$ cat target36.cif   # mmCIF, C-alpha atoms
data_input
#
loop_
_atom_site.label_atom_id
_atom_site.label_comp_id
_atom_site.auth_asym_id
_atom_site.auth_seq_id
_atom_site.Cartn_x
_atom_site.Cartn_y
_atom_site.Cartn_z
CA GLN A 429 0.11 14.08 -17.14
CA ASP A 430 -3.27 12.29 -17.12
CA ILE A 431 -4.73 14.86 -14.73
CA ALA A 432 -3.39 17.75 -16.80
CA VAL A 433 -4.81 16.39 -20.06
CA ASP A 434 -8.20 15.58 -18.50
CA GLY A 435 -8.45 19.04 -16.98
CA TRP A 436 -7.32 20.63 -20.23
CA ALA A 437 -10.09 18.88 -22.13
CA LEU A 438 -12.71 20.13 -19.67
CA THR A 439 -11.55 23.75 -19.99
CA MET A 440 -10.90 23.66 -23.72
CA LEU A 441 -14.33 22.32 -24.71
CA SER A 442 -17.60 24.11 -24.09
CA ARG A 443 -20.07 22.60 -21.62
CA GLU A 444 -22.25 21.44 -24.52
CA ASN A 445 -19.33 19.64 -26.17
CA VAL A 446 -17.52 18.39 -23.06
CA SER A 447 -18.72 14.83 -23.74
CA TYR A 448 -16.43 14.78 -26.80
CA ALA A 449 -13.43 14.80 -24.44
CA SER A 450 -13.71 11.01 -24.23
CA THR A 451 -13.84 10.81 -28.03
CA CYS A 452 -10.60 12.77 -28.30
CA GLN A 453 -9.05 10.65 -25.58
CA SER A 454 -10.09 7.40 -27.23
CA LEU A 455 -8.79 8.50 -30.63
CA GLY A 456 -5.47 9.49 -29.09
CA LEU A 457 -5.16 6.26 -27.11
CA THR A 458 -6.09 4.17 -30.14
CA ALA A 459 -3.53 5.90 -32.34
CA GLY A 460 -0.85 5.80 -29.65
CA PHE A 461 -1.40 2.13 -28.85
CA PHE A 462 -1.55 1.27 -32.53
CA PHE A 463 1.76 2.93 -33.45
CA SER A 464 3.67 2.10 -30.27
CA PHE A 465 2.54 -1.51 -29.94
CA THR A 466 0.85 -2.98 -32.99
CA VAL A 467 2.88 -1.24 -35.69
CA PHE A 468 6.16 -1.76 -33.89
CA LEU A 469 5.57 -5.46 -33.19
CA ALA A 470 4.43 -6.01 -36.76
CA PHE A 471 7.33 -4.22 -38.45
CA ASN A 472 9.82 -5.63 -35.94
CA ASN A 473 8.65 -9.18 -36.67
CA VAL A 474 10.75 -10.87 -39.37
CA GLU A 475 8.00 -13.27 -40.46
CA PHE A 476 5.45 -10.47 -40.87
CA CYS A 477 7.86 -8.24 -42.81
CA GLN A 478 8.92 -11.05 -45.12
CA ALA A 479 5.33 -12.11 -45.75
CA TYR A 480 3.68 -8.70 -46.29
CA VAL A 481 6.35 -5.99 -46.66
CA ALA A 482 9.15 -7.62 -48.65
CA PRO A 483 7.00 -8.37 -51.75
CA ALA A 484 6.14 -4.65 -52.06
CA TRP A 485 9.49 -3.26 -50.92
CA ALA A 486 12.51 -4.69 -52.68
CA VAL A 487 14.94 -2.86 -50.35
CA LEU A 488 14.10 -5.25 -47.51
CA LYS A 489 16.64 -8.08 -47.39
CA PRO A 490 15.74 -11.73 -46.68
CA GLY A 491 15.59 -12.48 -42.97
CA GLU A 492 15.43 -8.80 -42.09
CA ALA A 493 12.74 -6.81 -40.26
CA LEU A 494 11.73 -3.31 -41.32
CA LEU A 495 12.01 -1.60 -37.92
CA SER A 496 14.45 -2.07 -35.05
CA LEU A 497 13.82 -1.15 -31.43
CA GLU A 498 16.55 1.50 -31.50
CA ALA A 499 15.15 3.23 -34.58
CA PHE A 500 11.63 3.12 -33.18
CA LEU A 501 12.60 4.66 -29.83
CA ARG A 502 14.59 7.42 -31.53
CA ALA A 503 11.70 8.29 -33.86
CA MET A 504 9.08 8.29 -31.08
CA GLY A 505 11.33 10.31 -28.78
CA ALA A 506 11.82 12.96 -31.45
CA LEU A 507 8.07 13.05 -32.16
CA TYR A 508 7.27 13.41 -28.46
CA LEU A 509 9.67 16.36 -28.09
CA ALA A 510 8.26 18.02 -31.22
CA VAL A 511 4.64 17.73 -30.05
CA THR A 512 5.57 18.97 -26.55
CA ALA A 513 7.38 21.98 -28.02
CA PHE A 514 4.39 22.77 -30.26
CA VAL A 515 1.97 22.70 -27.31
CA LEU A 516 4.34 24.76 -25.16
CA PHE A 517 4.96 27.57 -27.65
CA PHE A 518 1.94 27.64 -29.97
CA VAL A 519 -1.11 26.52 -27.94
CA SER A 520 -2.72 29.10 -25.69
CA GLU A 521 -4.72 28.31 -22.55
CA LYS A 522 -7.25 30.14 -20.44
CA SER A 523 -5.80 32.15 -17.60
CA ALA A 524 -6.71 30.74 -14.22
CA SER A 525 -8.92 32.87 -12.01
CA SER A 526 -7.60 34.20 -8.72
CA GLU A 527 -9.66 31.63 -6.83
CA GLU A 528 -8.18 28.76 -8.86
CA GLU A 529 -4.67 30.11 -8.37
CA ARG A 530 -5.06 29.98 -4.58
CA THR A 531 -5.91 26.25 -4.63
CA THR A 532 -3.01 24.31 -3.14
CA ALA A 533 -2.07 20.65 -3.46
CA GLU A 534 -3.26 20.04 0.10
CA GLN A 535 -6.63 21.57 -0.67
CA THR A 536 -6.93 19.44 -3.81
CA TYR A 537 -6.30 16.25 -1.82
CA ARG A 538 -8.89 17.32 0.75
CA GLN A 539 -11.37 17.83 -2.07
CA LEU A 540 -10.47 14.42 -3.46
CA PHE A 541 -11.19 12.67 -0.14
CA ARG A 542 -14.50 14.54 0.13
CA LEU A 543 -15.27 13.39 -3.38
CA LEU A 544 -14.66 9.76 -2.47
CA ARG A 545 -17.30 10.04 0.26
CA LEU A 546 -20.07 11.02 -2.16
CA ASP A 547 -22.72 8.29 -2.22
CA ASN A 548 -23.05 8.44 -6.00
CA ILE A 549 -19.27 8.15 -6.48
CA LEU A 550 -19.17 5.10 -4.18
CA ALA A 551 -22.02 3.48 -6.13
CA LEU A 552 -20.38 4.24 -9.48
CA SER A 553 -16.99 2.99 -8.24
CA LEU A 554 -18.46 -0.34 -7.13
CA THR A 555 -20.11 -0.71 -10.54
CA LEU A 556 -16.87 0.05 -12.39
CA LEU A 557 -14.84 -2.37 -10.28
CA VAL A 558 -17.06 -5.37 -11.08
CA ALA A 559 -18.24 -4.48 -14.60
CA LYS A 560 -15.41 -6.17 -16.52
CA ILE A 561 -15.12 -9.44 -14.60
CA GLY A 562 -17.10 -11.31 -17.24
CA PHE A 563 -14.71 -10.18 -19.99
CA ALA A 564 -11.49 -11.03 -18.13
CA THR A 565 -10.98 -14.50 -19.62
CA HIS A 566 -11.40 -13.32 -23.20
CA ASP A 567 -9.35 -10.15 -22.72
CA ASN A 568 -6.37 -11.84 -21.08
CA ALA A 569 -6.27 -15.39 -22.39
CA SER A 570 -8.02 -15.76 -25.76
CA ALA A 571 -5.16 -14.38 -27.87
CA LEU A 572 -2.66 -16.56 -26.00
CA LYS A 573 -4.86 -19.62 -26.51
CA LEU A 574 -5.20 -18.83 -30.19
CA LEU A 575 -1.41 -18.69 -30.56
CA GLU A 576 -1.12 -21.92 -28.59
CA ARG A 577 -3.47 -23.65 -31.05
CA GLY A 578 -1.20 -22.58 -33.94
CA PHE A 579 -2.55 -19.24 -35.19
CA PRO A 580 0.42 -17.56 -36.96
CA LYS A 581 1.84 -14.60 -35.03
CA GLU A 582 2.29 -12.49 -38.15
CA GLN A 583 -1.35 -12.96 -39.13
CA LEU A 584 -2.46 -12.06 -35.60
CA ALA A 585 -0.46 -8.83 -35.94
CA PHE A 586 -2.15 -8.23 -39.29
CA VAL A 587 -5.55 -8.53 -37.60
CA SER A 588 -4.54 -5.67 -35.29
CA LEU A 589 -3.60 -3.57 -38.30
CA ILE A 590 -7.05 -4.09 -39.81
CA GLN A 591 -8.71 -2.90 -36.59
CA LEU A 592 -7.37 0.68 -36.78
CA PRO A 593 -9.74 2.29 -39.34
CA PHE A 594 -12.74 0.61 -37.75
CA SER A 595 -11.66 1.82 -34.31
CA ILE A 596 -11.30 5.41 -35.52
CA PHE A 597 -14.64 5.63 -37.30
CA GLY A 598 -16.37 3.70 -34.53
CA THR A 599 -15.02 6.11 -31.91
CA ILE A 600 -16.30 9.12 -33.84
CA PHE A 601 -19.73 7.50 -34.28
CA VAL A 602 -20.04 6.63 -30.59
CA GLY A 603 -18.82 10.09 -29.62
CA ARG A 604 -21.80 11.65 -31.39
CA TRP A 605 -24.16 9.01 -29.98
CA SER A 606 -23.05 9.56 -26.38
CA SER A 607 -23.16 13.36 -26.53
CA GLY A 608 -26.88 13.52 -25.73
CA ARG A 609 -28.77 13.32 -22.46
CA ARG A 610 -28.23 9.55 -22.10
CA PRO A 611 -24.50 8.91 -22.63
CA LEU A 612 -24.58 5.45 -21.05
CA VAL A 613 -26.94 3.87 -23.59
CA PRO A 614 -24.00 2.90 -25.87
CA TYR A 615 -22.20 1.46 -22.83
CA LEU A 616 -25.05 -0.93 -22.04
CA VAL A 617 -25.42 -1.91 -25.71
CA GLY A 618 -21.67 -2.54 -25.91
CA PHE A 619 -21.76 -4.62 -22.72
CA ARG A 620 -24.36 -6.98 -24.18
CA LEU A 621 -22.59 -7.32 -27.53
CA ARG A 622 -19.20 -7.78 -25.88
CA LEU A 623 -20.55 -10.53 -23.66
CA ALA A 624 -22.03 -12.33 -26.68
CA LEU A 625 -18.64 -12.13 -28.43
CA CYS A 626 -16.96 -13.54 -25.32
CA ALA A 627 -19.19 -16.59 -25.81
CA ALA A 628 -18.28 -16.83 -29.52
CA GLY A 629 -14.52 -16.50 -28.97
CA PRO A 630 -13.91 -19.90 -27.30
CA VAL A 631 -16.02 -21.58 -29.99
CA LEU A 632 -13.82 -20.08 -32.69
CA ILE A 633 -10.68 -21.21 -30.85
CA TYR A 634 -12.04 -24.71 -30.20
CA PHE A 635 -12.66 -25.28 -33.94
CA PHE A 636 -9.21 -24.09 -34.95
CA PRO A 637 -8.31 -25.90 -38.24
CA THR A 638 -5.25 -27.75 -36.96
CA ALA A 639 -5.40 -30.43 -39.69
CA ALA A 640 -5.63 -27.85 -42.49
CA MET A 641 -2.66 -25.96 -41.05
CA ARG A 642 -0.58 -29.12 -41.00
CA GLU A 643 -1.46 -30.03 -44.57
CA SER A 644 -1.09 -26.66 -46.30
CA GLY A 645 0.91 -24.65 -43.77
CA THR A 646 -1.49 -21.71 -44.20
CA LEU A 647 -4.58 -20.60 -42.33
CA PRO A 648 -7.84 -21.15 -44.26
CA LEU A 649 -9.31 -17.85 -45.44
CA PRO A 650 -12.81 -18.40 -43.92
CA TYR A 651 -11.30 -18.98 -40.49
CA PHE A 652 -9.02 -15.96 -40.78
CA ALA A 653 -11.96 -13.80 -41.91
CA SER A 654 -14.01 -15.01 -38.94
CA ALA A 655 -11.19 -14.09 -36.57
CA VAL A 656 -10.93 -10.62 -38.13
CA VAL A 657 -14.67 -9.95 -37.89
CA LEU A 658 -14.81 -11.14 -34.27
CA SER A 659 -11.78 -9.06 -33.33
CA VAL A 660 -12.98 -5.87 -35.05
CA ILE A 661 -16.48 -6.02 -33.53
CA TYR A 662 -15.09 -6.83 -30.07
CA GLN A 663 -12.67 -3.91 -30.27
CA PHE A 664 -15.52 -1.63 -31.30
CA CYS A 665 -17.60 -2.76 -28.32
CA SER A 666 -14.71 -2.36 -25.89
CA ASP A 667 -12.92 0.81 -27.00
CA GLY A 668 -15.82 2.40 -28.84
CA LEU A 669 -19.18 1.73 -27.24
CA MET A 670 -18.08 1.16 -23.65
CA PHE A 671 -14.97 3.31 -23.22
CA VAL A 672 -16.13 6.40 -25.11
CA SER A 673 -19.64 6.46 -23.63
CA MET A 674 -18.40 6.01 -20.06
CA GLY A 675 -15.81 8.73 -20.65
CA ALA A 676 -18.55 11.04 -21.91
CA PHE A 677 -20.49 10.35 -18.72
CA PHE A 678 -17.40 11.15 -16.61
CA ALA A 679 -16.96 14.45 -18.42
CA ARG A 680 -20.61 15.35 -17.89
CA ILE A 681 -20.61 14.78 -14.13
CA SER A 682 -17.12 16.12 -13.35
CA ASP A 683 -16.91 18.97 -10.87
CA ASP A 684 -15.23 21.92 -12.60
CA SER A 685 -13.41 22.88 -9.39
CA ILE A 686 -11.21 19.76 -9.64
CA GLY A 687 -12.21 18.60 -13.12
CA GLY A 688 -8.94 16.94 -14.14
CA THR A 689 -8.53 15.15 -10.81
CA TYR A 690 -12.20 14.11 -10.89
CA MET A 691 -11.97 12.53 -14.36
CA THR A 692 -8.62 10.88 -13.69
CA LEU A 693 -9.97 9.33 -10.48
CA LEU A 694 -12.95 7.82 -12.32
CA ASN A 695 -10.80 6.65 -15.23
CA THR A 696 -8.35 5.04 -12.79
CA ILE A 697 -11.14 3.16 -11.03
CA SER A 698 -12.54 2.07 -14.40
CA ASN A 699 -9.10 0.84 -15.54
CA LEU A 700 -8.60 -0.96 -12.22
CA GLY A 701 -11.86 -2.80 -12.85
CA GLY A 702 -10.28 -4.28 -15.97
CA THR A 703 -6.88 -5.13 -14.47
CA TRP A 704 -7.54 -6.65 -11.04
CA PRO A 705 -9.39 -9.77 -12.39
CA LYS A 706 -6.41 -10.60 -14.64
CA PHE A 707 -4.32 -12.22 -11.90
CA PHE A 708 -7.19 -14.37 -10.66
CA VAL A 709 -8.30 -15.47 -14.14
CA LEU A 710 -4.81 -16.50 -15.28
CA THR A 711 -4.13 -18.23 -11.96
CA LEU A 712 -7.42 -20.13 -12.17
CA ILE A 713 -6.79 -21.16 -15.78
CA ASP A 714 -3.36 -22.48 -14.82
CA TRP A 715 -4.68 -24.28 -11.75
CA LEU A 716 -7.51 -25.95 -13.65
CA GLY A 717 -5.11 -27.01 -16.40
CA THR A 718 -2.54 -28.56 -14.04
CA PRO A 719 -2.72 -32.37 -13.75
CA ARG A 720 -3.24 -33.47 -10.16
CA ALA A 721 -3.10 -37.27 -10.47
CA VAL A 722 -0.26 -39.64 -11.24
CA CYS A 723 -0.99 -42.34 -13.84
CA ASP A 724 2.18 -44.35 -13.31
CA LYS A 725 3.55 -43.89 -9.80
CA GLY A 726 6.72 -45.71 -10.65
CA ALA A 727 7.52 -43.50 -13.61
CA SER A 728 5.92 -40.41 -12.06
CA VAL A 729 3.99 -39.66 -15.25
CA TRP A 730 1.23 -37.10 -14.80
CA CYS A 731 -2.18 -37.71 -16.30
CA ALA A 732 -3.40 -35.27 -18.93
CA LEU A 733 -6.62 -33.50 -18.05
CA SER A 734 -9.56 -34.04 -20.36
CA ALA A 735 -10.74 -30.46 -19.72
CA ASP A 736 -8.86 -27.24 -20.49
CA GLY A 737 -8.77 -24.50 -17.87
CA TYR A 738 -9.33 -21.81 -20.49
CA TYR A 739 -12.60 -23.28 -21.71
CA ILE A 740 -13.87 -23.80 -18.17
CA CYS A 741 -13.20 -20.17 -17.24
CA ALA A 742 -14.60 -18.90 -20.55
CA LEU A 743 -17.79 -20.91 -20.07
CA ALA A 744 -18.20 -19.76 -16.46
CA SER A 745 -17.66 -16.13 -17.45
CA ILE A 746 -20.86 -15.95 -19.52
CA PRO A 747 -23.47 -16.51 -16.76
CA LEU A 748 -21.29 -14.44 -14.43
CA GLY A 749 -21.29 -11.60 -16.97
CA VAL A 750 -25.07 -11.83 -17.37
CA PHE A 751 -25.51 -11.62 -13.60
CA ILE A 752 -23.20 -8.59 -13.43
CA TYR A 753 -25.11 -6.89 -16.25
CA LEU A 754 -28.40 -7.35 -14.42
CA PHE A 755 -26.72 -5.93 -11.31
CA LEU A 756 -25.29 -2.81 -12.94
CA ALA A 757 -27.75 -1.90 -15.71
CA ALA A 758 -30.48 -0.53 -13.46
CA ARG A 759 -27.93 1.25 -11.26
CA LEU A 760 -26.23 2.91 -14.19
CA ARG A 761 -29.56 4.12 -15.55
CA ARG A 762 -30.37 5.67 -12.17
CA LEU A 763 -26.96 7.30 -11.93
CA GLU A 764 -27.34 8.59 -15.47
CA ALA A 765 -30.66 10.22 -14.57
CA THR A 766 -29.18 11.93 -11.52
CA SER A 767 -28.81 15.70 -11.73
CA PRO A 768 -25.21 16.80 -12.40
CA GLU A 769 -25.42 18.95 -9.27
CA ARG A 770 -25.59 15.82 -7.11
CA TRP A 771 -22.09 14.89 -8.33
CA LYS A 772 -20.56 18.14 -7.09
CA LEU A 773 -18.57 18.39 -3.89
CA ALA A 774 -21.25 20.65 -2.45
CA ALA A 775 -23.64 17.68 -2.66
CA SER A 776 -21.61 15.53 -0.28
CA GLU A 777 -24.43 15.55 2.20
CA ALA A 778 -27.16 14.95 -0.37
CA SER A 779 -28.96 11.65 -0.33
CA CYS A 780 -28.03 9.02 -2.90
CA VAL A 781 -30.58 8.20 -5.58
CA LEU A 782 -29.95 4.46 -5.27
#
$ encode --input "target36.cif" --output "structure tokens"
Amino acid sequence: QDIAVDGWALTMLSRENVSYASTCQSLGLTAGFFFSFTVFLAFNNVEFCQAYVAPAWAVLKPGEALLSLEAFLRAMGALYLAVTAFVLFFVSEKSASSEEERTTAEQTYRQLFRLLRLDNILALSLTLLVAKIGFATHDNASALKLLERGFPKEQLAFVSLIQLPFSIFGTIFVGRWSSGRRPLVPYLVGFRLRLALCAAGPVLIYFFPTAAMRESGTLPLPYFASAVVLSVIYQFCSDGLMFVSMGAFFARISDDSIGGTYMTLLNTISNLGGTWPKFFVLTLIDWLGTPRAVCDKGASVWCALSADGYYICALASIPLGVFIYLFLAARLRRLEATSPERWKLAASEASCVL
């Protein structure tokens, strides 16, 4: 499905507008994630519904959530079938040429392996695999740490609801910005901003107003507003500046002969760069936060650590992220300046620009 949609975008859009494929993809992913995850968890949460929905909707009974899992799955299943039927019967596509029709699955895999041997693809893949290491602690542990400190779950869900309009408008803005000759400029800007926010996140969590929560039972408005601003800007840097601009670059360099496979391969490598550090970060946080000394051997009472594994990893991620940025920035600029012809399969024997 990913390959089909990526290839469809490349054939549907003109060569001048092909960079907008990533904008369309980002808008679709944002909307899909929002409705299937954020909206469902919010409206399936009793506390959230009673706090924000019940006052405006008298039909909702006390102790009741607005949306059940069964109702949600039925509605999304019906919507999926309706959209699929619309595309099948009412959306026309270009007819494949005779040469494209003769391409077999075996030939496509051969082309894919040839593609993986391109020097520029190898250099870009290495960059994508290490680019998100500095963000791993914030991406995978900050929300959990915030909940651990006492941030209300229903208010955290409400923060996600606020992000949607900013994500949509930010994606459109970055789509226009990255449609020029230098699509990776927004990516590098987003990297720097995102790294700065990764430094601000642990500070916000460290100064969580625990005493105020115990006294009033509610989160102080200035703290909540700070969390919203940090979350919205971080989401814009991640899904807007970095994701959309890199997707525009993928669309620009993709070989039309295997366009969908080409884009899906690069997107998969980029996604892998964000997922593989997760295991190591969470394991390291747990290991650093596990007491390793016994205070009272007779009672076998473990000593509490004075340092928290999350803060250690978050602090170490900043200089590591700066080092990675210095490593990849110059290489991305060189790859960006490379002629699109050097990314084609016919250029497999061409020399790399790096």
$ resolve_selection --input "target36.cif" --expression "the PyMOL selection byres ((chain A and resi 615) around 7)" --output "PyMOL selection string"
chain A and resi 612-614+616-619+669-670+673-674
$ residues_around --input "target36.cif" --residues "Leu589 (chain A)" --least-positions-apart "6" --cutoff "9 Å" --atoms "all atoms listed in the file" --output "list in words"
Phe462, Thr466, Val467 and Ala470 of chain A
$ closest_residue --input "target36.cif" --among "A:Gln583, A:Thr512, A:Ser520, A:Ser442" --to "Leu647 (chain A)" --atoms "all atoms listed in the file"
A:Gln583
$ resolve_selection --input "target36.cif" --expression "the PyMOL selection byres ((chain A and resi 747) around 12)" --output "PyMOL selection string"
chain A and resi 561-563+623-624+626-627+741-746+748-754
$ residues_around --input "target36.cif" --residues "Ala482 (chain A)" --least-positions-apart "5" --cutoff "12 Å" --atoms "all atoms listed in the file" --output "PDB file with C-alpha atoms, in the frame of the given file"
ATOM      1  CA  PHE A 471       7.330  -4.220 -38.450  1.00  0.00           C
ATOM      2  CA  VAL A 474      10.750 -10.870 -39.370  1.00  0.00           C
ATOM      3  CA  GLU A 475       8.000 -13.270 -40.460  1.00  0.00           C
ATOM      4  CA  PHE A 476       5.450 -10.470 -40.870  1.00  0.00           C
ATOM      5  CA  CYS A 477       7.860  -8.240 -42.810  1.00  0.00           C
ATOM      6  CA  VAL A 487      14.940  -2.860 -50.350  1.00  0.00           C
ATOM      7  CA  LEU A 488      14.100  -5.250 -47.510  1.00  0.00           C
ATOM      8  CA  LYS A 489      16.640  -8.080 -47.390  1.00  0.00           C
ATOM      9  CA  PRO A 490      15.740 -11.730 -46.680  1.00  0.00           C
ATOM     10  CA  GLY A 491      15.590 -12.480 -42.970  1.00  0.00           C
ATOM     11  CA  GLU A 492      15.430  -8.800 -42.090  1.00  0.00           C
ATOM     12  CA  ALA A 493      12.740  -6.810 -40.260  1.00  0.00           C
ATOM     13  CA  LEU A 494      11.730  -3.310 -41.320  1.00  0.00           C
TER      14      LEU A 494
END
$ atom_distance --input "target36.cif" --atom1 "CA of Pro705 (chain A)" --atom2 "CA of Ala569 (chain A)"
11.9 Å
$ atom_distance --input "target36.cif" --atom1 "CA of Leu649 (chain A)" --atom2 "CA of Pro630 (chain A)"
18.8 Å
$ atom_distance --input "target36.cif" --atom1 "CA of Gly505 (chain A)" --atom2 "CA of Asn472 (chain A)"
17.5 Å
$ residues_around --input "target36.cif" --residues "Leu575 (chain A)" --least-positions-apart "3" --cutoff "12 Å" --atoms "only C-alpha atoms" --output "PyMOL selection string"
chain A and resi 569-572+578-585+633+636+638
$ closest_residue --input "target36.cif" --among "A:Arg680, A:Arg610, A:Arg761, A:His566" --to "Leu441 (chain A)" --atoms "only C-alpha atoms"
A:Arg680
$ closest_residue --input "target36.cif" --among "A:Val602, A:Leu540, A:Leu574, A:Met440" --to "Phe664 (chain A)" --atoms "all atoms listed in the file"
A:Val602
$ closest_residue --input "target36.cif" --among "A:Leu773, A:Leu693, A:Ala655, A:Ala449" --to "Gly603 (chain A)" --atoms "only C-alpha atoms"
A:Ala449
$ residues_around --input "target36.cif" --residues "Gln539 (chain A)" --least-positions-apart "6" --cutoff "10 Å" --atoms "only C-alpha atoms" --output "VMD selection string"
chain A and resid 533 685 to 686 689 to 690 773
$ closest_residue --input "target36.cif" --among "A:Ala653, A:Leu546, A:Ala640, A:Ile740" --to "Glu769 (chain A)" --atoms "only C-alpha atoms"
A:Leu546
$ closest_residue --input "target36.cif" --among "A:Val656, A:Ala628, A:Ala676, A:Leu495" --to "Glu764 (chain A)" --atoms "only C-alpha atoms"
A:Ala676
$ residues_around --input "target36.cif" --residues "Gln591 (chain A)" --least-positions-apart "5" --cutoff "10 Å" --atoms "only C-alpha atoms" --output "PyMOL selection string"
chain A and resi 458+462+586+596+656-657+659-664
